[in-house]
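Trainee: One file is attached below, query-v5.pdb, containing PDB, C-alpha atoms.
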```pdb
MODEL        1
ATOM      1  CA  ALA J  27      -0.955  -1.388   5.314
ATOM      2  CA  TYR J  28      -0.452  -2.831   1.849
ATOM      3  CA  LEU J  29       1.141  -0.272  -0.474
ATOM      4  CA  GLY J  30       0.239   2.317   2.162
ATOM      5  CA  THR J  31      -3.287   2.186   0.756
ATOM      6  CA  THR J  32      -5.324  -0.781   2.036
ATOM      7  CA  VAL J  33      -5.319  -2.558   5.397
ATOM      8  CA  SER J  34      -6.260  -6.178   5.963
ATOM      9  CA  GLY J  35      -9.363  -6.476   8.111
ATOM     10  CA  PHE J  36     -10.862  -3.241   6.811
ATOM     11  CA  PRO J  37     -12.762  -4.240   3.669
ATOM     12  CA  ASN J  38     -13.527  -1.579   1.086
ATOM     13  CA  ALA J  39     -11.444   1.010   2.966
ATOM     14  CA  PHE J  40      -8.622   2.976   1.397
ATOM     15  CA  VAL J  41      -6.056   5.121   3.213
ATOM     16  CA  LEU J  42      -4.419   8.118   1.581
ATOM     17  CA  LEU J  43      -0.856   9.044   2.556
ATOM     18  CA  GLY J  44      -0.728   5.879   4.624
ATOM     19  CA  PRO J  45       2.183   4.005   6.176
ATOM     20  CA  HIS J  46       5.411   3.598   4.221
ATOM     21  CA  LEU J  47       4.565   6.170   1.566
ATOM     22  CA  GLY J  48       6.569   9.089   2.932
ATOM     23  CA  THR J  49       9.514   9.793   0.701
ATOM     24  CA  GLY J  50      11.185  12.781   2.288
ATOM     25  CA  HIS J  51      12.326  13.754  -1.201
ATOM     26  CA  SER J  52       9.210  14.245  -3.314
ATOM     27  CA  SER J  53       5.814  15.853  -3.146
ATOM     28  CA  ALA J  54       2.879  14.477  -1.209
ATOM     29  CA  TYR J  55       0.815  15.388  -4.265
ATOM     30  CA  MET J  56       2.752  12.845  -6.303
ATOM     31  CA  VAL J  57       2.032  10.194  -3.676
ATOM     32  CA  LEU J  58      -1.661  11.091  -3.666
ATOM     33  CA  GLU J  59      -1.836  10.974  -7.462
ATOM     34  CA  ALA J  60      -0.266   7.513  -7.489
ATOM     35  CA  GLN J  61      -2.615   6.282  -4.776
ATOM     36  CA  LEU J  62      -5.667   7.723  -6.481
ATOM     37  CA  ASP J  63      -4.663   5.961  -9.716
ATOM     38  CA  TYR J  64      -4.483   2.710  -7.716
ATOM     39  CA  LEU J  65      -7.830   3.414  -6.063
ATOM     40  CA  ALA J  66      -9.473   4.211  -9.408
ATOM     41  CA  GLY J  67      -8.144   0.927 -10.822
ATOM     42  CA  ALA J  68      -9.523  -0.910  -7.786
ATOM     43  CA  VAL J  69     -12.959   0.640  -8.207
ATOM     44  CA  ARG J  70     -13.013  -0.149 -11.937
ATOM     45  CA  HIS J  71     -12.126  -3.778 -11.240
ATOM     46  CA  PHE J  72     -14.524  -3.939  -8.283
ATOM     47  CA  ARG J  73     -17.448  -2.817 -10.412
ATOM     48  CA  ALA J  74     -16.548  -4.865 -13.503
ATOM     49  CA  ALA J  75     -16.135  -8.044 -11.444
ATOM     50  CA  GLY J  76     -19.368  -7.481  -9.514
ATOM     51  CA  TRP J  77     -17.589  -7.390  -6.177
ATOM     52  CA  THR J  78     -19.485  -6.155  -3.154
ATOM     53  CA  SER J  79     -16.546  -6.389  -0.768
ATOM     54  CA  MET J  80     -12.773  -6.597  -1.059
ATOM     55  CA  ASP J  81     -10.051  -6.999   1.539
ATOM     56  CA  VAL J  82      -6.296  -7.214   1.064
ATOM     57  CA  ARG J  83      -5.071 -10.703   1.931
ATOM     58  CA  PRO J  84      -3.147 -10.689   5.253
ATOM     59  CA  GLU J  85      -0.228 -12.616   3.772
ATOM     60  CA  VAL J  86       0.103 -10.093   0.942
ATOM     61  CA  GLN J  87       0.178  -7.223   3.415
ATOM     62  CA  ALA J  88       2.707  -9.067   5.617
ATOM     63  CA  ALA J  89       4.976  -9.801   2.635
ATOM     64  CA  PHE J  90       4.889  -6.153   1.539
ATOM     65  CA  ASN J  91       5.737  -4.956   5.046
ATOM     66  CA  ALA J  92       8.598  -7.460   5.329
ATOM     67  CA  GLU J  93       9.944  -6.243   1.969
ATOM     68  CA  VAL J  94       9.785  -2.625   3.159
ATOM     69  CA  ARG J  95      11.430  -3.380   6.523
ATOM     70  CA  GLN J  96      14.252  -5.227   4.766
ATOM     71  CA  ALA J  97      14.836  -2.370   2.331
ATOM     72  CA  LEU J  98      14.693   0.244   5.106
ATOM     73  CA  SER J  99      17.255  -1.634   7.204
ATOM     74  CA  THR J 100      20.109  -0.231   5.140
ATOM     75  CA  THR J 101      18.836   3.327   4.658
ATOM     76  CA  VAL J 102      19.976   6.422   6.483
ATOM     77  CA  TYR J 103      16.445   6.692   7.883
ATOM     78  CA  ASN J 104      17.099   3.597   9.987
ATOM     79  CA  THR J 105      20.872   3.358  10.302
ATOM     80  CA  GLY J 106      21.932   6.993  10.494
ATOM     81  CA  GLY J 107      22.275   6.928  14.262
ATOM     82  CA  CYS J 108      19.873   9.822  14.724
ATOM     83  CA  SER J 109      16.590   9.813  16.512
ATOM     84  CA  SER J 110      13.875  11.362  14.425
ATOM     85  CA  TYR J 111      10.166  11.323  13.851
ATOM     86  CA  TYR J 112      10.717   8.590  11.249
ATOM     87  CA  LEU J 113      11.143   6.107  14.097
ATOM     88  CA  ASP J 114       8.409   5.420  16.635
ATOM     89  CA  VAL J 115       9.030   4.711  20.336
ATOM     90  CA  ASN J 116       9.778   1.086  19.430
ATOM     91  CA  GLY J 117      12.344   2.074  16.800
ATOM     92  CA  ARG J 118      10.058   1.075  13.909
ATOM     93  CA  ASN J 119       9.930   3.189  10.786
ATOM     94  CA  SER J 120       6.407   3.137   9.376
ATOM     95  CA  PHE J 121       6.807   6.436   7.545
ATOM     96  CA  SER J 122       9.368   5.908   4.814
ATOM     97  CA  TRP J 123       9.166   4.464   1.320
ATOM     98  CA  PRO J 124      12.673   3.033   0.892
ATOM     99  CA  TRP J 125      12.808   3.135  -2.895
ATOM    100  CA  SER J 126      12.591   5.736  -5.637
ATOM    101  CA  THR J 127       9.572   7.857  -6.467
ATOM    102  CA  GLY J 128       9.455   6.175  -9.874
ATOM    103  CA  ARG J 129       9.231   2.768  -8.237
ATOM    104  CA  MET J 130       6.333   3.971  -6.094
ATOM    105  CA  ARG J 131       4.471   5.229  -9.139
ATOM    106  CA  ARG J 132       5.070   1.934 -10.965
ATOM    107  CA  ARG J 133       4.030  -0.138  -7.932
ATOM    108  CA  LEU J 134       0.777   1.794  -7.546
ATOM    109  CA  ALA J 135       0.099   2.123 -11.280
ATOM    110  CA  GLU J 136      -1.969  -1.021 -11.600
ATOM    111  CA  PHE J 137      -4.437  -2.587  -9.207
ATOM    112  CA  ASP J 138      -3.683  -6.270  -8.537
ATOM    113  CA  PRO J 139      -6.913  -8.161  -7.817
ATOM    114  CA  GLU J 140      -4.893 -11.260  -6.836
ATOM    115  CA  ALA J 141      -3.775  -9.394  -3.700
ATOM    116  CA  TYR J 142      -7.364  -9.325  -2.440
ATOM    117  CA  THR J 143     -10.151 -11.586  -1.354
ATOM    118  CA  ALA J 144     -13.566 -10.492  -2.493
ATOM    119  CA  THR J 145     -17.228 -11.194  -2.111
ATOM    120  CA  SER J 146     -19.301 -11.080  -5.271
ATOM    121  CA  GLU J 147     -22.874  -9.987  -5.818
ATOM    122  CA  ASN J 148     -24.045 -13.571  -5.415
ATOM    123  CA  SER J 149     -22.304 -13.706  -1.994
ATOM    124  CA  ASN J 150     -19.617 -16.143  -3.069
ATOM    125  CA  ARG J 151     -16.203 -15.657  -1.512
ATOM    126  CA  LEU J 152     -13.546 -15.279  -4.213
ATOM    127  CA  PRO J 153      -9.811 -15.937  -3.857
TER
ENDMDL
END
```
Please express the file's structure as structure tokens.
Mentor:
Amino acid sequence: AYLGTTVSGFPNAFVLLGPHLGTGHSSAYMVLEAQLDYLAGAVRHFRAAGWTSMDVRPEVQAAFNAEVRQALSTTVYNTGGCSSYYLDVNGRNSFSWPWSTGRMRRRLAEFDPEAYTATSENSNRLP
């Protein structure tokens, strides 16, 4: 998922408390509030731009996930030597947000239309 909120290939769908948004040190309500701010910004842009469909670009999602995996590689969640529910059967951590709560709030504070492809009311595909 991109920002734990949208998934490429699932246009117009939003996920709450999605992958890589677990902090282990702050409230799920804070995460939800940040995501709902992002979602509200997406809907405002969607309506103002006359979009009928939006989908996160696969390369944007892949870059975000690579950034998260790199950051997680040095955290205790991944290098602590313990087995835990943070790691799946393949050893992949899709639960944790590797940065601060403040960084999550800032990252989700503003919807970025450039991260998405969209279809407009006149059926034109937009970048």
Trainee: May I ask which of the residues J:Tyr112, J:Tyr142, J:Tyr55, J:Phe137 is the closest one to J:Ser79, counting all atoms listed in the file?
Mentor: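 Among J:Tyr112, J:Tyr142, J:Tyr55, J:Phe137, it is J:Tyr142 that comes nearest to J:Ser79.
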Trainee: For the PyMOL selection byres ((chain J and resi 27-44) around 7), applied here, can you spell out every residue it catches as a ChimeraX atom specification?
Mentor: /J:45-47,57-58,61,79-84,87,90
Trainee: How about saving the chosen residues, C-alpha atoms kept, as a CSV table (one decimal), in the coordinates of the input?
Mentor:
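Output file selection.csv is given in full below:
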```csv
chain,number,residue,atom,x,y,z
J,45,PRO,CA,2.2,4.0,6.2
J,46,HIS,CA,5.4,3.6,4.2
J,47,LEU,CA,4.6,6.2,1.6
J,57,VAL,CA,2.0,10.2,-3.7
J,58,LEU,CA,-1.7,11.1,-3.7
J,61,GLN,CA,-2.6,6.3,-4.8
J,79,SER,CA,-16.5,-6.4,-0.8
J,80,MET,CA,-12.8,-6.6,-1.1
J,81,ASP,CA,-10.1,-7.0,1.5
J,82,VAL,CA,-6.3,-7.2,1.1
J,83,ARG,CA,-5.1,-10.7,1.9
J,84,PRO,CA,-3.1,-10.7,5.3
J,87,GLN,CA,0.2,-7.2,3.4
J,90,PHE,CA,4.9,-6.2,1.5
```
Trainee: Would you mind listing, for every residue of stretch 37-105 of chain J within 8 Å of stretch 115-128 of chain J, the two atoms forming the shortest contact and the distance between them in Å to one decimal, using only C-alpha atoms, sorted by chain and ascending residue number, as a tab-separated table?
Mentor:
```
residue	atom	partner	partner_atom	distance
J:Pro45	CA	J:Ser120	CA	5.4
J:His46	CA	J:Phe121	CA	4.6
J:Leu47	CA	J:Trp123	CA	4.9
J:Gly48	CA	J:Ser122	CA	4.6
J:Thr49	CA	J:Trp123	CA	5.4
J:Gly50	CA	J:Ser122	CA	7.5
J:Ser52	CA	J:Thr127	CA	7.1
J:Val94	CA	J:Pro124	CA	6.7
J:Arg95	CA	J:Asn119	CA	8.0
J:Ala97	CA	J:Pro124	CA	6.0
J:Leu98	CA	J:Pro124	CA	5.4
J:Thr101	CA	J:Pro124	CA	7.2
J:Tyr103	CA	J:Ser122	CA	7.8
J:Asn104	CA	J:Asn119	CA	7.2
```
Trainee: If we count only C-alpha atoms, what is near J:Glu147 at a cut-off of 7 Å, once residues fewer than 2 positions away on the same chain are taken out, given as number ranges by chain?
Mentor: J: 76-78, 145, 149
Trainee: Just write the chosen residues, C-alpha atoms, as a short mmCIF file (atom, residue, chain, number, x, y, z; two decimals), in the coordinates of the input.
Mentor:
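Wrote selection_19.cif, looks like this:
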```cif
data_model
loop_
_atom_site.label_atom_id
_atom_site.label_comp_id
_atom_site.auth_asym_id
_atom_site.auth_seq_id
_atom_site.Cartn_x
_atom_site.Cartn_y
_atom_site.Cartn_z
CA GLY J 76 -19.37 -7.48 -9.51
CA TRP J 77 -17.59 -7.39 -6.18
CA THR J 78 -19.48 -6.16 -3.15
CA THR J 145 -17.23 -11.19 -2.11
CA SER J 149 -22.30 -13.71 -1.99
#
```
Trainee: What is the distance, in Å and to one decimal place, between atom CA of J:Asp63 and atom CA of J:Asp138?
Mentor: 12.3 Å
Trainee: Atom CA of J:Leu65 and atom CA of J:Met130 are how many Å apart?
Mentor: 14.2 Å
Trainee: For stretch 67-70 of chain J, work out the shell of residues within 9 Å, counting all atoms listed in the file and skipping chain neighbours fewer than 5 positions away, then give it as a ChimeraX atom specification.
Mentor: /J:62,75,135-139
Trainee: Go ahead and compute the interatomic distance for atom CA of J:Arg131 and atom CA of J:Tyr64, in Å to one decimal.
Mentor: 9.4 Å
